[in-house]
Structure formats: C-alpha cells, structure tokens
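**Q** Structure file final07.txt, compact mmCIF, C-alpha atoms and all ligand atoms, is pasted below:
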# COMPACT_ATOMS: atom_id res chain seq x y z
CA MET M 1 10.22 0.98 -2.96
CA ASN M 2 10.58 2.41 -6.45
CA ILE M 3 7.40 2.62 -8.46
CA GLU M 4 8.65 0.13 -11.08
CA THR M 5 8.93 -2.48 -8.32
CA ARG M 6 5.64 -1.57 -6.71
CA LEU M 7 3.88 -2.07 -10.04
CA VAL M 8 4.64 -5.80 -9.95
CA HIS M 9 4.60 -6.21 -6.16
CA PRO M 10 1.26 -4.74 -5.12
CA GLN M 11 0.34 -4.82 -1.44
CA HIS M 12 -2.65 -7.03 -2.17
CA GLN M 13 -0.77 -9.42 -4.40
CA SER M 14 -3.02 -12.22 -3.32
CA ILE M 15 -6.32 -11.62 -1.59
CA GLN M 16 -6.08 -12.15 2.15
CA GLY M 17 -7.75 -15.33 3.27
CA ASP M 18 -7.79 -16.92 -0.20
CA ARG M 19 -7.19 -20.56 0.73
CA PHE M 20 -5.66 -21.34 -2.67
CA ARG M 21 -3.25 -18.39 -2.35
CA ALA M 22 -3.77 -17.30 -5.96
CA SER M 23 -0.73 -15.35 -7.19
CA VAL M 24 -2.87 -12.68 -8.79
CA PRO M 25 -6.15 -11.39 -7.34
CA PRO M 26 -9.01 -13.67 -8.45
CA VAL M 27 -11.96 -12.07 -10.19
CA TYR M 28 -14.72 -12.09 -7.61
CA LYS M 29 -17.53 -12.09 -10.11
CA THR M 30 -20.34 -12.19 -7.60
CA ALA M 31 -23.06 -9.73 -6.69
CA THR M 32 -23.40 -10.90 -3.09
CA PHE M 33 -21.38 -12.41 -0.26
CA ASP M 34 -23.06 -14.79 2.20
CA GLN M 35 -23.41 -13.85 5.85
CA ASP M 36 -23.25 -16.05 8.96
CA SER M 37 -26.38 -14.40 10.33
CA PRO M 38 -28.61 -11.40 9.60
CA LEU M 39 -26.72 -9.35 12.16
CA ALA M 40 -23.17 -10.49 11.34
CA PHE M 41 -21.74 -8.77 8.28
CA GLY M 42 -18.52 -10.13 6.82
CA GLN M 43 -15.95 -7.87 5.21
CA TYR M 44 -18.13 -7.86 2.09
CA ASP M 45 -21.86 -8.19 1.63
CA TYR M 46 -22.82 -6.64 -1.71
CA ALA M 47 -20.52 -5.98 -4.69
CA ARG M 48 -21.73 -2.43 -5.28
CA SER M 49 -20.49 -1.60 -1.77
CA GLY M 50 -17.25 -3.58 -1.93
CA ASN M 51 -15.51 -6.30 -3.90
CA PRO M 52 -12.12 -7.89 -3.14
CA THR M 53 -10.86 -7.55 -6.74
CA ARG M 54 -11.82 -3.89 -6.78
CA ASP M 55 -10.17 -3.39 -3.40
CA ALA M 56 -6.94 -4.87 -4.77
CA LEU M 57 -6.97 -2.40 -7.66
CA GLU M 58 -7.88 0.58 -5.49
CA THR M 59 -5.18 -0.27 -2.94
CA GLN M 60 -2.59 -0.49 -5.70
CA VAL M 61 -3.53 2.82 -7.37
CA ALA M 62 -3.65 4.59 -4.00
CA ALA M 63 -0.11 3.34 -3.31
CA LEU M 64 1.14 4.39 -6.75
CA GLU M 65 -0.30 7.89 -6.36
CA GLY M 66 0.92 8.33 -2.79
CA GLY M 67 -2.67 8.55 -1.55
CA THR M 68 -4.53 6.78 1.22
CA ARG M 69 -7.65 5.69 -0.70
CA ALA M 70 -8.59 5.26 -4.33
CA PHE M 71 -11.96 4.63 -5.93
CA ALA M 72 -12.43 2.84 -9.24
CA TYR M 73 -15.23 4.02 -11.54
CA ALA M 74 -16.78 2.74 -14.73
CA SER M 75 -14.97 5.43 -16.77
CA GLY M 76 -12.73 8.44 -16.45
CA VAL M 77 -15.75 10.67 -16.88
CA ALA M 78 -17.53 8.88 -14.01
CA ALA M 79 -14.47 9.60 -11.82
CA LEU M 80 -14.63 13.25 -12.91
CA ASP M 81 -18.32 13.32 -12.06
CA ALA M 82 -17.49 12.23 -8.50
CA ILE M 83 -15.75 15.59 -7.97
CA ALA M 84 -19.28 17.04 -7.78
CA THR M 85 -19.44 15.37 -4.37
CA PHE M 86 -17.60 18.44 -3.13
CA LEU M 87 -19.77 21.04 -4.90
CA ARG M 88 -23.20 22.41 -3.98
CA PRO M 89 -25.71 24.40 -6.05
CA GLY M 90 -24.29 27.91 -6.47
CA ASP M 91 -20.68 26.75 -6.26
CA GLU M 92 -18.15 27.22 -9.00
CA ILE M 93 -15.33 25.10 -10.40
CA VAL M 94 -12.46 26.96 -12.08
CA VAL M 95 -11.00 24.80 -14.83
CA SER M 96 -7.87 24.97 -16.95
CA ARG M 97 -8.67 25.81 -20.58
CA ASP M 98 -6.77 22.83 -21.91
CA VAL M 99 -8.92 19.89 -20.83
CA TYR M 100 -10.48 16.81 -22.41
CA GLY M 101 -13.65 17.53 -24.42
CA GLY M 102 -15.76 15.20 -22.28
CA THR M 103 -14.61 17.09 -19.18
CA PHE M 104 -15.88 20.30 -20.74
CA ARG M 105 -19.22 18.69 -21.59
CA LEU M 106 -19.64 17.22 -18.10
CA PHE M 107 -18.73 20.34 -16.15
CA THR M 108 -20.53 22.79 -18.43
CA GLN M 109 -23.65 20.97 -19.58
CA ALA M 110 -24.34 18.18 -17.10
CA TRP M 111 -23.39 20.08 -13.97
CA ALA M 112 -25.29 23.21 -15.01
CA LYS M 113 -28.43 21.22 -14.22
CA ARG M 114 -27.17 20.83 -10.66
CA GLY M 115 -26.59 24.56 -10.29
CA ILE M 116 -22.80 24.26 -10.55
CA THR M 117 -20.94 26.76 -12.72
CA ALA M 118 -17.73 25.91 -14.58
CA ARG M 119 -15.42 28.77 -15.51
CA TYR M 120 -12.47 28.15 -17.86
CA GLU M 121 -9.31 30.13 -17.29
CA ASP M 122 -5.66 30.08 -18.27
CA LEU M 123 -4.08 28.45 -15.20
CA THR M 124 -0.53 28.30 -16.58
CA ASP M 125 0.54 31.37 -14.61
CA ALA M 126 -0.13 30.17 -11.05
CA ALA M 127 0.72 33.60 -9.61
CA ALA M 128 -2.26 35.09 -11.47
CA VAL M 129 -4.70 32.35 -10.47
CA SER M 130 -5.75 33.66 -7.04
CA GLY M 131 -7.01 36.80 -8.84
CA LEU M 132 -9.27 34.59 -10.96
CA LEU M 133 -11.07 32.93 -8.05
CA SER M 134 -14.32 34.07 -6.46
CA ALA M 135 -16.01 33.40 -3.14
CA ARG M 136 -17.99 30.70 -4.96
CA THR M 137 -14.89 28.85 -6.19
CA LYS M 138 -14.76 25.55 -4.32
CA VAL M 139 -12.66 23.44 -6.68
CA ILE M 140 -9.79 24.20 -9.10
CA HIS M 141 -9.35 21.56 -11.78
CA ALA M 142 -6.47 21.13 -14.21
CA GLU M 143 -4.66 18.51 -16.25
CA ALA M 144 -0.99 18.37 -15.25
CA LEU M 145 -0.27 18.11 -18.97
CA GLY M 146 -3.29 19.25 -20.96
CA ASN M 147 -5.11 17.19 -23.57
CA PRO M 148 -4.61 18.01 -26.41
CA MET M 149 -2.63 21.28 -26.31
CA GLN M 150 0.06 19.95 -23.90
CA THR M 151 -0.34 22.93 -21.59
CA VAL M 152 1.68 22.61 -18.40
CA CYS M 153 0.17 23.59 -15.04
CA ASP M 154 2.35 24.10 -11.96
CA VAL M 155 0.72 21.65 -9.56
CA ALA M 156 2.56 22.70 -6.38
CA ALA M 157 1.88 26.40 -7.01
CA LEU M 158 -1.79 25.75 -7.81
CA ALA M 159 -2.07 23.66 -4.63
CA GLU M 160 -0.79 26.60 -2.61
CA VAL M 161 -3.27 28.97 -4.26
CA ALA M 162 -6.12 26.51 -3.63
CA ARG M 163 -5.11 26.00 -0.01
CA ARG M 164 -5.04 29.75 0.71
CA HIS M 165 -8.43 30.17 -0.94
CA GLY M 166 -9.98 27.23 0.91
CA ALA M 167 -10.69 25.41 -2.35
CA LEU M 168 -9.78 21.86 -3.38
CA LEU M 169 -7.27 21.22 -6.14
CA SER M 170 -8.16 18.35 -8.44
CA ILE M 171 -5.57 17.17 -10.96
CA ASP M 172 -6.31 14.97 -13.95
CA ASN M 173 -3.12 12.91 -14.25
CA THR M 174 -4.22 10.84 -17.25
CA SER M 175 -1.51 11.95 -19.66
CA LEU M 176 1.47 11.74 -17.29
CA THR M 177 0.62 8.89 -14.88
CA PRO M 178 2.06 8.43 -11.35
CA LEU M 179 5.25 7.17 -12.96
CA ASN M 180 6.00 10.78 -13.94
CA ILE M 181 4.24 12.95 -11.40
CA ARG M 182 2.34 12.36 -8.15
CA PRO M 183 0.10 15.40 -7.69
CA LEU M 184 -1.00 14.45 -4.15
CA GLU M 185 2.61 14.67 -3.02
CA LEU M 186 2.75 18.16 -4.55
CA GLY M 187 -0.26 19.27 -2.49
CA ALA M 188 -3.24 18.44 -4.72
CA ASP M 189 -6.33 17.14 -2.90
CA ILE M 190 -7.70 14.85 -5.61
CA VAL M 191 -5.92 13.09 -8.45
CA LEU M 192 -7.83 11.30 -11.14
CA HIS M 193 -7.23 9.15 -14.16
CA SER M 194 -8.98 7.99 -17.19
CA ALA M 195 -7.48 4.55 -16.62
CA THR M 196 -8.73 3.76 -20.12
CA LYS M 197 -5.50 5.37 -21.31
CA PHE M 198 -2.00 4.63 -19.96
CA LEU M 199 -2.88 2.86 -16.69
CA ASN M 200 -4.56 0.02 -18.54
CA GLY M 201 -2.56 0.59 -21.69
CA HIS M 202 -4.15 -2.08 -23.85
CA GLY M 203 -7.26 -0.33 -25.09
CA ASP M 204 -9.63 -3.02 -23.81
CA VAL M 205 -11.14 -1.39 -20.70
CA THR M 206 -12.85 1.91 -19.96
CA ALA M 207 -12.20 2.89 -16.36
CA GLY M 208 -11.52 5.83 -14.10
CA VAL M 209 -9.78 6.09 -10.75
CA LEU M 210 -9.86 8.88 -8.24
CA THR M 211 -7.34 9.02 -5.36
CA VAL M 212 -7.20 11.18 -2.23
CA ARG M 213 -5.09 11.48 0.92
CA ASP M 214 -7.49 13.19 3.25
CA ASP M 215 -9.73 10.93 5.36
CA ALA M 216 -12.73 13.26 5.28
CA LEU M 217 -12.64 13.45 1.48
CA ALA M 218 -12.23 9.66 1.29
CA LYS M 219 -15.22 9.12 3.54
CA GLU M 220 -17.49 11.29 1.40
CA LEU M 221 -16.30 9.66 -1.81
CA ALA M 222 -16.81 6.18 -0.32
CA PHE M 223 -20.37 7.08 0.62
CA HIS M 224 -21.21 8.30 -2.90
CA HIS M 225 -19.34 5.44 -4.62
CA ASN M 226 -21.75 3.03 -2.94
CA ALA M 227 -24.84 5.24 -2.90
CA GLU M 228 -24.59 6.04 -6.61
CA GLY M 229 -23.44 2.60 -7.77
CA VAL M 230 -20.76 3.79 -10.17
CA ALA M 231 -17.95 1.36 -9.33
CA LEU M 232 -15.89 -0.53 -11.88
CA PRO M 233 -16.91 -4.21 -12.31
CA ALA M 234 -14.50 -6.83 -10.92
CA ARG M 235 -13.54 -8.22 -14.31
CA ASP M 236 -12.40 -4.81 -15.50
CA CYS M 237 -10.56 -4.24 -12.20
CA ALA M 238 -8.60 -7.45 -12.84
CA ALA M 239 -7.80 -6.40 -16.42
CA LEU M 240 -6.61 -3.03 -15.16
CA LEU M 241 -4.45 -4.69 -12.49
CA ARG M 242 -2.79 -6.74 -15.18
CA GLY M 243 -2.25 -3.74 -17.44
CA LEU M 244 -0.74 -1.73 -14.60
CA GLN M 245 2.07 -4.23 -14.10
CA THR M 246 3.75 -3.16 -17.33
CA LEU M 247 3.10 0.57 -16.99
CA ALA M 248 6.77 1.43 -16.48
CA LEU M 249 7.99 -0.75 -19.34
CA ARG M 250 5.38 0.55 -21.71
CA LEU M 251 5.71 4.17 -20.79
CA ASP M 252 9.52 4.19 -20.88
CA ARG M 253 9.43 2.95 -24.47
CA GLN M 254 6.50 5.14 -25.47
CA GLN M 255 8.05 8.29 -24.03
CA ALA M 256 11.43 7.66 -25.63
CA SER M 257 9.76 7.13 -29.01
CA ALA M 258 7.51 10.17 -28.55
CA LEU M 259 10.56 12.41 -28.23
CA VAL M 260 12.07 10.96 -31.41
CA VAL M 261 8.76 11.47 -33.25
CA ALA M 262 8.39 15.03 -31.91
CA ARG M 263 11.89 15.94 -33.10
CA PHE M 264 11.25 14.41 -36.51
CA LEU M 265 8.01 16.37 -36.90
CA ALA M 266 9.61 19.61 -35.68
CA GLY M 267 12.14 19.34 -38.51
CA HIS M 268 9.59 18.57 -41.22
CA PRO M 269 8.68 21.31 -43.74
CA HIS M 270 4.94 20.43 -43.75
CA VAL M 271 4.68 20.77 -39.97
CA LYS M 272 3.97 24.24 -38.65
CA ARG M 273 4.13 23.61 -34.92
CA VAL M 274 4.77 20.66 -32.62
CA LEU M 275 3.38 20.54 -29.08
CA PHE M 276 5.40 18.25 -26.82
CA PRO M 277 6.90 19.20 -23.44
CA GLY M 278 10.13 17.36 -24.23
CA LEU M 279 10.92 19.74 -27.10
CA ASP M 280 13.04 22.76 -26.28
CA GLY M 281 11.03 25.93 -26.59
CA HIS M 282 7.82 24.36 -25.27
CA ALA M 283 6.07 26.95 -23.09
CA GLY M 284 6.07 25.64 -19.55
CA GLN M 285 8.98 23.28 -20.11
CA GLY M 286 10.78 24.62 -17.02
CA VAL M 287 7.82 23.87 -14.74
CA HIS M 288 7.27 20.55 -16.48
CA ARG M 289 10.89 19.43 -16.00
CA ALA M 290 10.73 20.40 -12.33
CA GLN M 291 7.55 18.45 -11.58
CA SER M 292 7.51 15.55 -14.03
CA ARG M 293 9.96 12.75 -14.59
CA GLY M 294 8.87 12.17 -18.20
CA ASP M 295 7.02 13.84 -21.03
CA GLY M 296 4.16 11.45 -21.73
CA ALA M 297 3.64 9.83 -25.11
CA VAL M 298 1.20 12.18 -26.79
CA VAL M 299 2.57 14.43 -29.52
CA SER M 300 0.33 17.09 -31.05
CA PHE M 301 1.15 19.03 -34.20
CA GLU M 302 -0.34 21.51 -36.62
CA THR M 303 0.08 21.82 -40.35
CA GLY M 304 -1.80 25.09 -40.95
CA SER M 305 -4.61 23.34 -42.83
CA ALA M 306 -7.31 20.98 -41.57
CA GLU M 307 -7.45 19.33 -45.02
CA ALA M 308 -3.70 18.67 -45.04
CA SER M 309 -3.86 17.30 -41.49
CA SER M 310 -6.77 15.06 -42.38
CA ALA M 311 -4.91 13.79 -45.45
CA ILE M 312 -1.87 12.94 -43.32
CA VAL M 313 -3.96 11.08 -40.75
CA GLN M 314 -5.71 9.13 -43.51
CA ALA M 315 -2.43 8.25 -45.20
CA LEU M 316 -0.94 6.74 -42.05
CA THR M 317 -1.01 2.97 -41.94
CA LEU M 318 0.53 2.02 -38.57
CA PHE M 319 -1.21 4.86 -36.74
CA ALA M 320 -4.88 3.86 -36.63
CA THR M 321 -7.40 6.69 -36.81
CA ARG M 322 -9.07 6.52 -33.44
CA VAL M 323 -9.92 8.53 -30.36
CA SER M 324 -8.16 7.91 -27.05
CA PHE M 325 -4.47 7.45 -26.36
CA GLY M 326 -2.06 5.57 -24.13
CA SER M 327 -2.45 2.16 -25.74
CA VAL M 328 0.41 -0.13 -26.81
CA SER M 329 -0.41 0.51 -30.47
CA SER M 330 -0.02 3.95 -31.99
CA SER M 331 -2.95 6.03 -33.12
CA ALA M 332 -3.70 9.40 -34.66
CA SER M 333 -6.67 11.67 -34.17
CA MET M 334 -7.86 15.18 -34.90
CA PRO M 335 -9.23 16.29 -31.51
CA CYS M 336 -11.31 19.17 -32.88
CA TRP M 337 -13.34 16.66 -34.92
CA MET M 338 -13.11 13.63 -32.67
CA SER M 339 -12.41 13.58 -28.90
CA HIS M 340 -13.36 17.25 -28.46
CA LYS M 341 -16.36 17.24 -30.79
CA SER M 342 -18.62 17.11 -27.74
CA ILE M 343 -17.84 20.77 -27.05
CA PRO M 344 -21.18 22.44 -27.93
CA ALA M 345 -21.39 24.62 -31.06
CA SER M 346 -21.87 27.81 -29.04
CA ALA M 347 -18.57 27.23 -27.20
CA ARG M 348 -16.48 25.89 -30.06
CA ALA M 349 -14.97 29.19 -31.17
CA GLU M 350 -13.48 29.72 -27.74
CA HIS M 351 -12.92 26.19 -26.45
CA ALA M 352 -12.37 23.77 -29.33
CA PRO M 353 -8.78 22.81 -30.22
CA PRO M 354 -7.43 24.13 -33.54
CA ALA M 355 -9.11 22.53 -36.57
CA ASP M 356 -5.76 21.41 -38.03
CA LEU M 357 -4.44 19.83 -34.81
CA VAL M 358 -3.29 16.23 -35.10
CA ARG M 359 -2.77 14.28 -31.88
CA LEU M 360 -0.52 11.26 -32.07
CA SER M 361 -0.47 8.61 -29.38
CA ILE M 362 2.85 6.82 -29.53
CA GLY M 363 2.76 3.08 -28.87
CA ILE M 364 5.44 0.48 -28.28
CA GLU M 365 6.21 -0.29 -31.95
CA HIS M 366 9.77 0.11 -33.22
CA VAL M 367 10.23 3.85 -33.54
CA GLN M 368 11.75 3.56 -37.01
CA ASP M 369 8.53 2.03 -38.31
CA LEU M 370 6.59 4.94 -36.84
CA LEU M 371 8.95 7.47 -38.43
CA ASP M 372 8.69 5.72 -41.80
CA ASP M 373 4.90 5.76 -41.62
CA LEU M 374 4.89 9.48 -40.81
CA ALA M 375 7.46 10.29 -43.50
CA VAL M 376 5.42 8.52 -46.18
CA ALA M 377 2.15 10.13 -45.05
CA LEU M 378 3.70 13.61 -44.98
CA ALA M 379 5.33 13.09 -48.38
CA ARG M 380 1.89 12.40 -49.83
CA LEU M 381 1.13 16.09 -49.44
CA ASP M 382 3.66 16.73 -52.21
CA ALA M 383 1.53 14.64 -54.59
CA PRO M 384 -1.62 16.75 -54.92
CA GLU M 385 -3.88 14.01 -56.37
CA SER M 386 -3.55 12.11 -53.09
CA VAL M 387 -4.82 14.97 -50.94
CA ALA M 388 -8.13 13.84 -49.51
CA THR M 389 -11.22 15.77 -50.39
CA ASP M 390 -13.23 14.63 -47.38
CA SER M 391 -13.97 17.25 -44.85
CA PRO M 392 -12.16 16.44 -41.61
CA GLY M 393 -14.18 14.39 -39.18
CA ARG M 394 -15.97 12.48 -41.94
CA VAL M 395 -13.30 10.02 -42.87
CA HIS M 396 -14.62 7.26 -45.10
CA ARG M 397 -13.05 3.88 -44.58
CA SER M 398 -13.06 2.97 -48.24
CA HIS M 399 -11.16 6.12 -49.07
CA LYS M 400 -8.77 5.48 -46.23
CA HIS M 401 -7.94 2.08 -47.62
CA ALA M 402 -7.33 3.58 -51.04
CA VAL M 403 -4.79 5.97 -49.54
CA ARG M 404 -3.32 3.25 -47.37
CA SER M 405 -1.44 1.23 -49.99
CA ARG M 406 2.19 2.30 -49.97
CA PRO M 407 3.98 3.15 -53.18
C1 LIG D 501 -10.17 10.22 -21.91
C2 LIG D 501 -10.00 11.24 -20.86
C3 LIG D 501 -10.95 11.41 -19.85
C4 LIG D 501 -12.25 10.63 -19.83
O1 LIG D 501 -12.03 9.30 -19.58
P1 LIG D 501 -13.00 8.11 -20.11
O2 LIG D 501 -12.33 6.90 -19.57
O3 LIG D 501 -13.02 8.21 -21.59
O4 LIG D 501 -14.35 8.36 -19.53
C5 LIG D 501 -10.68 12.32 -18.85
N1 LIG D 501 -9.56 13.07 -18.87
C6 LIG D 501 -8.63 12.95 -19.84
C7 LIG D 501 -7.41 13.78 -19.80
C8 LIG D 501 -8.82 12.04 -20.87
O5 LIG D 501 -7.92 11.94 -21.84
Kindly present the structure from the file in structure tokens form.
**A**
Amino acid sequence: MNIETRLVHPQHQSIQGDRFRASVPPVYKTATFDQDSPLAFGQYDYARSGNPTRDALETQVAALEGGTRAFAYASGVAALDAIATFLRPGDEIVVSRDVYGGTFRLFTQAWAKRGITARYEDLTDAAAVSGLLSARTKVIHAEALGNPMQTVCDVAALAEVARRHGALLSIDNTSLTPLNIRPLELGADIVLHSATKFLNGHGDVTAGVLTVRDDALAKELAFHHNAEGVALPARDCAALLRGLQTLALRLDRQQASALVVARFLAGHPHVKRVLFPGLDGHAGQGVHRAQSRGDGAVVSFETGSAEASSAIVQALTLFATRVSFGSVSSSASMPCWMSHKSIPASARAEHAPPADLVRLSIGIEHVQDLLDDLAVALARLDAPESVATDSPGRVHRSHKHAVRSRP
C-alpha cells in the first residue's frame, strides 16, 4: 500500500470491539477501565498504561514509519527525552551540530544532571564519523534534514557506522516526515518526530512520537512510557490522527511552494544565501536526493544583517512571526532569537544559528500570495525609513502592525 493510501486507511480505522463501529477512533477520555474481577485484567486498565485512542495513533505512526511499535508523548522533546532510556551515567551521545535548540538544551543541560555527556560533531561526512566516536558513545543522533541549517545526514551510512560501533542511531525525522524518508528502513534504530509540526500540521497540538523496529528496544520504551507517565492524552491523539490523514496533500503542496519560494529568494538581490535541499548547489543535495522523496517545506535564508532580516520578518503580512513550522499557514522566524534561544550563552558562539538567519515555514496558501508578500517585505529594505530599529528578538506588536499596512 502506498503511504498516501495508508494515511486514510489506518489499520485501526475503527477500534476493535466498538459496538457502534465508529468510522474514526473514538476519544476514550477515561482514566480507568473497569475489570470483571480483581484478578482479571482486560486489554486496558489505566490510561497511563494504555488507551485505545492512543493505540490507534501509535499503530498508524508505526506503520507509516515502517516500524513495529510507536510511542506517543506529550511533546517532541518528551520523545527525545525517552532516548535516555538507552543511556547510563558515563555514557555519551554524539549529536549532529544542526539540531533543534530544545534538543541541545535537553541533551546538554538536562542530561548532564544524569551523568550523560552530549558531544556535537559534524556528521555530514559519514566516512569520518567512526573516527569521532569513543568507547562511551552509545547513541548517535541526527536530524535527517537539520533544523534550521538544512544540513543533510546520510542515514544509511550513519546506520552502518553505528552498527559497527555497537551504538544506536536515532534520527529526528520532523522536517521530512515518513512521506519523504523512512529512517528505520535505512537502518536507523529509533526515529522520532515532533508531531507538533508536519504530522499534525494544524498548529493545535504539541506531541512527539518515537518509533522502533526492534522488540527489545520497544519493550524498554514501553516500560518507561508507563513508568514515567509521559504519554500523549487521548484527545490530542485523536487530533493528531485527524491531522495525519491529510499529510500527503498538505506536504505535496507545501513542498512544491517551498521550491518556488526558495528559487525566488535565491534570485533576490537582498538575499545573500538560501538554504534549501531542493536548490542546486545545496551541500549534501546528492545524498538528500538519494534518500528523500521530497525537500520539506522549510526554507532558510540569510541577508547578511540581523537588522535587515528582522525588518523583513516584521514587514511580512501573510507569514506570521512565530516559532515552529509545518502548519497549514505560513510563518517566519529568526531561529537564533526564537526557537534556538534556549542554547545557553556560553555555547551560543559555537552552537547558535547565524544571527541573520530567517526560517520560513511554507503553508498551503496560494504560492503567488506568498511570493507577493515576500517581494513587498524585501522591497521595504530599499526604503530606509521603514527599516525597523528594534533589536532582533524583541519585536513589538504595535510596531509590527505599523509596518504591516501595504502601500
Ligand atoms: C520542534 C522540534 C522538536 C521539539 O518538539 P516539541 O514538540 O516542540 O517538543 C524536536 N525536533 C525538531 C527537529 C523540532 O523542530
């Protein structure tokens, strides 16, 4: 079955045993499930341990990712945190340099308290990666397409390096989705999503999902999922199941528009550099084309000046200024000052994205409207009085509205 079909024909389309045969999984909003006797447990007893709505979601994501079991968490970061299940005090995780700011904060600051060390390396040259590992390296973690620098990692090659080293490979597939790449099929051990982004696609749920193939890994994750009580509530599972149905439709449109936007920006005199794997000349494009069906819908660009970038973002009207990406409506952010601001001051010089970087998330609007919005915002740079004087990261709404009115 092709993934487009599977998206709308999940295995658990209706919950087994539902006497009303609901066409979509009902929201089992209950904390407990009654038992026939103290010794006879039904399939479910307590919602932290298991819930039919959550099972429906997890079964569907596992199928989409080509895994055997998936686990839904309250956020992408909570799913990332579950990777610590496979690390002990003294162990090390080797991480791609181009990762989400919250990933950096979790691995570096939160896990340090558990005696786990995170080391950030350039993982784009898979042949050089085995030389970067130590006896303490137990997990290698990378984003298949990095957020926000759009760095490409060769998943199959990294999987081979990890396997030879006896480490696990964990791939954050948030920006590409299983529609484009299925890391487990390329040899990764763990694939995870901030489902807050493309999987849900409507910006109304925070969620994370982690999927594995190996039974032993699944068993350990299942134990911790229940023991730590970090599962996604049923209502959010149902919302995510609904969002997932249109993943292919949304992403096809978003990716097609992202390429048009990237090409437009690449030809614009105020734009210094565009980062998008669909553009010729993108470093890693060869690997990307070989492993991914599409390019995602995030386009990053630089102008050479944080003030100019901030002025552009503020002058946009269709692109809302907001963190996150993958929603049906377009947005713009400056990762250095927003999503990656959590990188601590001492590490910013080395790990923060460039101060002038703008990250666009392309939605499902008509692409011409997006191009017009960008053209007008970029043209504002030619009129000096409109250049914002705010420092980036402190964008005042009142000012934004002043800039918003079109000529
Ligand atoms: C947003 C994001 C996360 C964190 O997910 P939340 O749902 O915000 O907790 C992890 N990885 C990537 C690549 C992200 O973009």
**Q** For the atom pair CA of Arg88 (chain M) and CA of Ala218 (chain M), what is the interatomic distance in Å to one decimal place?
**A**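 Value for the CA of Arg88 (chain M)-CA of Ala218 (chain M) distance: 17.6 Å.
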**Q** For a quick check of understanding, using all atoms listed in the file, which of M:Phe319, M:Phe264, M:Tyr120, M:Phe107 has the smallest distance to ligand LIG 501 (chain D)?
**A** M:Phe107
**Q** Quick one: residues within 8 Å of ligand LIG 501 (chain D), with all atoms listed in the file, as number ranges by chain?
**A** M: 74-80, 99-100, 102-103, 143, 146-147, 172-175, 193-197, 206-208, 324-325
**Q** Restricting the calculation to all atoms listed in the file: of M:His270, M:Leu381, M:Val152, M:Ile362, which residue gets closest to Gln314 (chain M)?
**A**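 Closest residue, counting all atoms listed in the file: M:Leu381.
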**Q** Find, counting all atoms listed in the file, the residue in M:Pro10, M:Thr303, M:Leu186, M:Asp125 that gets nearest to Ala290 (chain M).
**A**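 Using all atoms listed in the file, Ala290 (chain M) sits closest to M:Leu186.
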**Q** When distances are computed from only C-alpha atoms, which of M:Gly17, M:His340, M:Thr53, M:Thr177 shows the smallest separation from Arg242 (chain M)?
**A**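 Closest to Arg242 (chain M) of all the choices is M:Thr53.
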**Q** Could you please determine the separation between CA of Ala383 (chain M) and CA of Asp356 (chain M) in Å, to one decimal place?
**A**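 Separating CA of Ala383 (chain M) from CA of Asp356 (chain M) is a distance of 19.3 Å.
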**Q** Looking at M:Leu275, M:Ile364, M:Leu123, M:Ala377, which one is nearest to Ala315 (chain M), with distances taken over only C-alpha atoms?
**A**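 So, comparing all the options, the nearest one is M:Ala377.
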**Q** I'd like to know which of M:Leu241, M:Ala84, M:Leu7, M:Ala375 is closest to Leu221 (chain M), using all atoms listed in the file.
**A**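 Comparing M:Leu241, M:Ala84, M:Leu7, M:Ala375 against Leu221 (chain M), the winner is M:Ala84.
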**Q** Find the residues around Val358 (chain M) up to 7 Å (all atoms listed in the file counted), leave out those fewer than 5 positions away in its own chain, and share them as an NGL selection string.
**A** :M and (300-302 or 309 or 332-335)
**Q** Could you state the separation of CA of Glu185 (chain M) and CA of Ala156 (chain M) in Å, given to one decimal place?
**A**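 CA of Ala156 (chain M) lies at a distance of 8.7 Å from CA of Glu185 (chain M).
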